[in-house]
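Participant: Next comes the structure file work06.cif, holding mmCIF, C-alpha atoms.
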```
data_run
#
loop_
_atom_site.group_PDB
_atom_site.id
_atom_site.type_symbol
_atom_site.label_atom_id
_atom_site.label_comp_id
_atom_site.auth_asym_id
_atom_site.auth_seq_id
_atom_site.Cartn_x
_atom_site.Cartn_y
_atom_site.Cartn_z
ATOM 1 C CA MET A 556 -55.620 58.196 -19.322
ATOM 2 C CA PRO A 557 -53.623 55.735 -21.403
ATOM 3 C CA ILE A 558 -52.280 52.572 -19.807
ATOM 4 C CA CYS A 559 -49.151 50.939 -21.244
ATOM 5 C CA LYS A 560 -49.891 47.452 -22.566
ATOM 6 C CA ASN A 561 -46.390 46.248 -21.600
ATOM 7 C CA CYS A 562 -45.861 47.471 -18.039
ATOM 8 C CA GLN A 563 -49.519 48.322 -17.174
ATOM 9 C CA ASN A 564 -48.529 51.759 -15.825
ATOM 10 C CA LYS A 565 -51.039 54.559 -16.211
ATOM 11 C CA TRP A 566 -49.666 57.692 -17.849
ATOM 12 C CA ASN A 567 -50.510 61.034 -16.305
ATOM 13 C CA TRP A 568 -52.050 63.951 -18.192
ATOM 14 C CA LYS A 569 -48.769 65.819 -18.664
ATOM 15 C CA GLN A 570 -46.940 62.768 -20.034
ATOM 16 C CA THR A 571 -49.777 62.051 -22.442
ATOM 17 C CA MET A 572 -49.903 65.631 -23.704
ATOM 18 C CA ARG A 573 -46.157 65.575 -24.320
ATOM 19 C CA LYS A 574 -46.407 62.318 -26.302
ATOM 20 C CA MET A 575 -49.382 63.579 -28.352
ATOM 21 C CA PHE A 576 -47.343 66.336 -29.969
ATOM 22 C CA THR A 577 -44.722 64.149 -31.626
ATOM 23 C CA LEU A 578 -44.718 63.472 -35.363
ATOM 24 C CA ASP A 579 -43.975 59.775 -34.859
ATOM 25 C CA THR A 580 -47.051 57.552 -34.601
ATOM 26 C CA ALA A 581 -45.385 55.563 -31.839
ATOM 27 C CA MET A 582 -45.511 56.860 -28.287
ATOM 28 C CA ILE A 583 -42.647 55.726 -26.066
ATOM 29 C CA CYS A 584 -43.801 54.643 -22.626
ATOM 30 C CA PRO A 585 -42.196 56.885 -19.983
ATOM 31 C CA TYR A 586 -41.980 53.920 -17.591
ATOM 32 C CA CYS A 587 -40.711 50.936 -19.624
ATOM 33 C CA GLY A 588 -39.497 52.640 -22.820
ATOM 34 C CA GLU A 589 -41.515 50.386 -25.153
ATOM 35 C CA LYS A 590 -43.303 51.749 -28.212
ATOM 36 C CA GLN A 591 -47.043 52.099 -27.850
ATOM 37 C CA TYR A 592 -49.571 52.995 -30.536
ATOM 38 C CA GLN A 593 -52.952 54.622 -30.336
ATOM 39 C CA THR A 594 -55.794 52.188 -31.100
ATOM 40 C CA ARG A 595 -58.020 52.644 -34.143
ATOM 41 C CA LYS A 596 -61.060 53.367 -31.970
ATOM 42 C CA SER A 597 -59.083 55.916 -29.981
ATOM 43 C CA LYS A 598 -57.926 57.653 -33.174
ATOM 44 C CA ARG A 599 -61.513 57.915 -34.387
ATOM 45 C CA LYS A 600 -62.702 59.411 -31.095
ATOM 46 C CA SER A 601 -59.878 61.947 -31.160
ATOM 47 C CA ALA A 602 -60.589 62.867 -34.784
ATOM 48 C CA PHE A 603 -64.258 63.435 -33.977
ATOM 49 C CA LEU A 604 -63.380 65.556 -30.960
ATOM 50 C CA ASN A 605 -60.865 67.576 -32.997
ATOM 51 C CA ALA A 606 -63.519 68.231 -35.651
ATOM 52 C CA LEU A 607 -65.586 70.028 -33.004
ATOM 53 C CA VAL A 608 -63.156 72.955 -33.259
ATOM 54 C CA THR A 609 -65.038 73.915 -36.416
ATOM 55 C CA LEU A 610 -68.351 74.034 -34.522
ATOM 56 C CA PRO A 611 -68.397 77.870 -34.429
ATOM 57 C CA LEU A 612 -68.447 77.900 -38.243
ATOM 58 C CA LEU A 613 -71.548 75.702 -38.253
ATOM 59 C CA LEU A 614 -73.153 77.873 -35.601
ATOM 60 C CA ASN A 615 -72.392 80.938 -37.706
ATOM 61 C CA ILE A 616 -74.231 79.395 -40.670
ATOM 62 C CA LEU A 617 -77.311 78.645 -38.567
ATOM 63 C CA PHE A 618 -77.286 81.803 -36.433
ATOM 64 C CA GLU A 619 -75.831 85.224 -37.008
ATOM 65 C CA ILE A 620 -73.082 85.353 -34.398
ATOM 66 C CA PRO A 621 -70.957 88.514 -34.072
ATOM 67 C CA GLY A 622 -67.399 88.076 -35.358
ATOM 68 C CA VAL A 623 -65.799 88.826 -31.983
ATOM 69 C CA ILE A 624 -67.717 86.035 -30.279
ATOM 70 C CA LEU A 625 -67.101 83.684 -33.194
ATOM 71 C CA LEU A 626 -63.354 84.298 -33.157
ATOM 72 C CA SER A 627 -63.173 83.947 -29.387
ATOM 73 C CA LEU A 628 -64.855 80.530 -29.548
ATOM 74 C CA PHE A 629 -62.021 78.994 -31.622
ATOM 75 C CA PRO A 630 -59.240 79.256 -29.005
ATOM 76 C CA VAL A 631 -61.607 78.302 -26.179
ATOM 77 C CA LEU A 632 -62.750 75.164 -28.017
ATOM 78 C CA PHE A 633 -59.182 74.364 -29.083
ATOM 79 C CA PHE A 634 -57.845 74.410 -25.525
ATOM 80 C CA LEU A 635 -60.864 72.541 -24.186
ATOM 81 C CA ILE A 636 -60.549 69.800 -26.799
ATOM 82 C CA MET A 637 -56.786 69.499 -26.400
ATOM 83 C CA SER A 638 -57.277 69.172 -22.645
ATOM 84 C CA LEU A 639 -59.818 66.368 -23.097
ATOM 85 C CA ASN A 640 -57.894 64.426 -25.766
ATOM 86 C CA PRO A 641 -55.561 62.568 -23.341
ATOM 87 C CA PHE A 642 -58.585 61.006 -21.641
ATOM 88 C CA LEU A 643 -59.630 59.375 -24.942
ATOM 89 C CA ILE A 644 -56.302 57.770 -25.776
ATOM 90 C CA HIS A 645 -56.050 53.993 -25.503
ATOM 91 C CA LEU A 646 -52.834 52.184 -26.370
ATOM 92 C CA SER A 647 -51.871 49.027 -28.218
ATOM 93 C CA ASN A 648 -48.586 47.166 -28.747
ATOM 94 C CA LYS A 649 -49.008 47.237 -32.526
ATOM 95 C CA GLU A 650 -49.958 49.964 -34.940
ATOM 96 C CA GLU A 651 -53.468 49.773 -36.369
ATOM 97 C CA ASP A 652 -54.451 51.465 -39.603
ATOM 98 C CA ILE A 653 -57.322 53.915 -39.124
ATOM 99 C CA ILE A 654 -58.836 53.281 -42.569
ATOM 100 C CA SER A 655 -58.952 49.489 -42.785
ATOM 101 C CA SER A 656 -61.719 47.805 -40.871
ATOM 102 C CA GLY A 657 -59.803 44.587 -40.236
ATOM 103 C CA ARG A 658 -62.720 42.511 -41.621
ATOM 104 C CA LYS A 659 -62.317 39.994 -44.410
#
```
Written as structure tokens, that's how I'd like the structure from this file.
Facilitator:
Amino acid sequence: MPICKNCQNKWNWKQTMRKMFTLDTAMICPYCGEKQYQTRKSKRKSAFLNALVTLPLLLNILFEIPGVILLSLFPVLFFLIMSLNPFLIHLSNKEEDIISSGRK
């Protein structure tokens, strides 16, 4: 679970899920009210995990899976991945760009 870098309070699962579904990149800490941002490494982990939703399509290419099973895998994977996402989130006081490596 994410820990606020300002007040060091650990967010619970419900708070983290609520903050994940905002369009703003900043997440407001429910304890101190300061803006927090997801770290670059955390964004990459979440993106990789979210890409696993398409796993049934890859399985369908490799194996002939009936359509009913294939379509039922999408919502199951979606809810599983969305439930695991809050455990991968790490916070920072400043926003980091996901594309730049920060190396010069």
Participant: List every residue of stretch 580-623 of chain A that has an atom at most 10 Å from any atom of stretch 568-576 of chain A, and for each one report the closest atom pair and its distance in Å to one decimal, counting only C-alpha atoms, with rows sorted by chain and then by increasing residue number, as CSV.
Facilitator:
```
residue,atom,partner,partner_atom,distance
A:Thr580,CA,A:Met575,CA,9.0
A:Ala581,CA,A:Lys574,CA,8.8
A:Met582,CA,A:Lys574,CA,5.9
A:Ile583,CA,A:Lys574,CA,7.6
A:Cys584,CA,A:Lys574,CA,8.9
A:Pro585,CA,A:Gln570,CA,7.6
A:Gln593,CA,A:Met575,CA,9.8
```
Participant: Using the chain letters and numbering of this document, enumerate as a ChimeraX atom specification the residues selected by the PyMOL selection byres ((chain A and resi 638) around 12).
Facilitator: /A:556,568-569,571-573,575,601,604-605,631-637,639-644
Participant: For the selection you just gave me, I'd like the residues written to a file as a PDB file, keeping the file's coordinate frame, keeping C-alpha atoms.
Facilitator:
```pdb
ATOM      1  CA  MET A 556     -55.620  58.196 -19.322  1.00  0.00           C
ATOM      2  CA  TRP A 568     -52.050  63.951 -18.192  1.00  0.00           C
ATOM      3  CA  LYS A 569     -48.769  65.819 -18.664  1.00  0.00           C
ATOM      4  CA  THR A 571     -49.777  62.051 -22.442  1.00  0.00           C
ATOM      5  CA  MET A 572     -49.903  65.631 -23.704  1.00  0.00           C
ATOM      6  CA  ARG A 573     -46.157  65.575 -24.320  1.00  0.00           C
ATOM      7  CA  MET A 575     -49.382  63.579 -28.352  1.00  0.00           C
ATOM      8  CA  SER A 601     -59.878  61.947 -31.160  1.00  0.00           C
ATOM      9  CA  LEU A 604     -63.380  65.556 -30.960  1.00  0.00           C
ATOM     10  CA  ASN A 605     -60.865  67.576 -32.997  1.00  0.00           C
ATOM     11  CA  VAL A 631     -61.607  78.302 -26.179  1.00  0.00           C
ATOM     12  CA  LEU A 632     -62.750  75.164 -28.017  1.00  0.00           C
ATOM     13  CA  PHE A 633     -59.182  74.364 -29.083  1.00  0.00           C
ATOM     14  CA  PHE A 634     -57.845  74.410 -25.525  1.00  0.00           C
ATOM     15  CA  LEU A 635     -60.864  72.541 -24.186  1.00  0.00           C
ATOM     16  CA  ILE A 636     -60.549  69.800 -26.799  1.00  0.00           C
ATOM     17  CA  MET A 637     -56.786  69.499 -26.400  1.00  0.00           C
ATOM     18  CA  LEU A 639     -59.818  66.368 -23.097  1.00  0.00           C
ATOM     19  CA  ASN A 640     -57.894  64.426 -25.766  1.00  0.00           C
ATOM     20  CA  PRO A 641     -55.561  62.568 -23.341  1.00  0.00           C
ATOM     21  CA  PHE A 642     -58.585  61.006 -21.641  1.00  0.00           C
ATOM     22  CA  LEU A 643     -59.630  59.375 -24.942  1.00  0.00           C
ATOM     23  CA  ILE A 644     -56.302  57.770 -25.776  1.00  0.00           C
TER      24      ILE A 644
END
```
Participant: Rank nothing, just name the residue among A:Pro630, A:Lys590, A:Ile624, A:Ser647 nearest to A:Thr609, using only C-alpha atoms.
Facilitator: A:Pro630
Participant: If you apply the PyMOL selection byres ((chain A and resi 649) around 8) to this file, what residues do you get, as a list in words?
Facilitator: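 For this structure, the PyMOL selection byres ((chain A and resi 649) around 8) resolves to Gln591, Tyr592, Ser647, Asn648, Glu650 and Glu651 of chain A.
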Participant: Excluding same-chain residues fewer than 6 positions from A:Gly588, what lies within 12 Å of it counting all atoms listed in the file, as a list in words?
Facilitator: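 Here the qualifying residues turn out to be Cys559, Lys560, Asn561, Cys562, Asn564, Ala581 and Met582 of chain A.
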Participant: To one decimal in Å, tell me the separation between atom CA of A:Pro611 and atom CA of A:Leu628.
Facilitator: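 Taking atom CA of A:Pro611 and atom CA of A:Leu628, their separation equals 6.6 Å.
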Participant: Between A:Leu612, A:Glu619, A:His645, A:Asn567, single out the one closest to A:Ser597, counting only C-alpha atoms.
Facilitator: A:His645
Participant: Between atom CA of A:Leu626 and atom CA of A:Leu613, what is the spacing in Å?
Facilitator: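 If I compute the distance from atom CA of A:Leu613 to atom CA of A:Leu626, I get 12.9 Å.
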Participant: Provide the atom CA of A:Ile616 to atom CA of A:Lys598 distance in Å, to one decimal place.
Facilitator: 28.2 Å
Participant: Tell me which of A:Val623, A:Ile558, A:Leu610, A:Leu646 sits closest to A:Arg595, counting all atoms listed in the file.
Facilitator: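 Smallest separation from A:Arg595 among the options: A:Leu646.
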Participant: Find the residue from A:Phe603, A:Leu578, A:Glu589, A:Thr594 that sits nearest to A:Pro557; use all atoms listed in the file when measuring.
Facilitator: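 The answer is A:Thr594, which sits nearest to A:Pro557.
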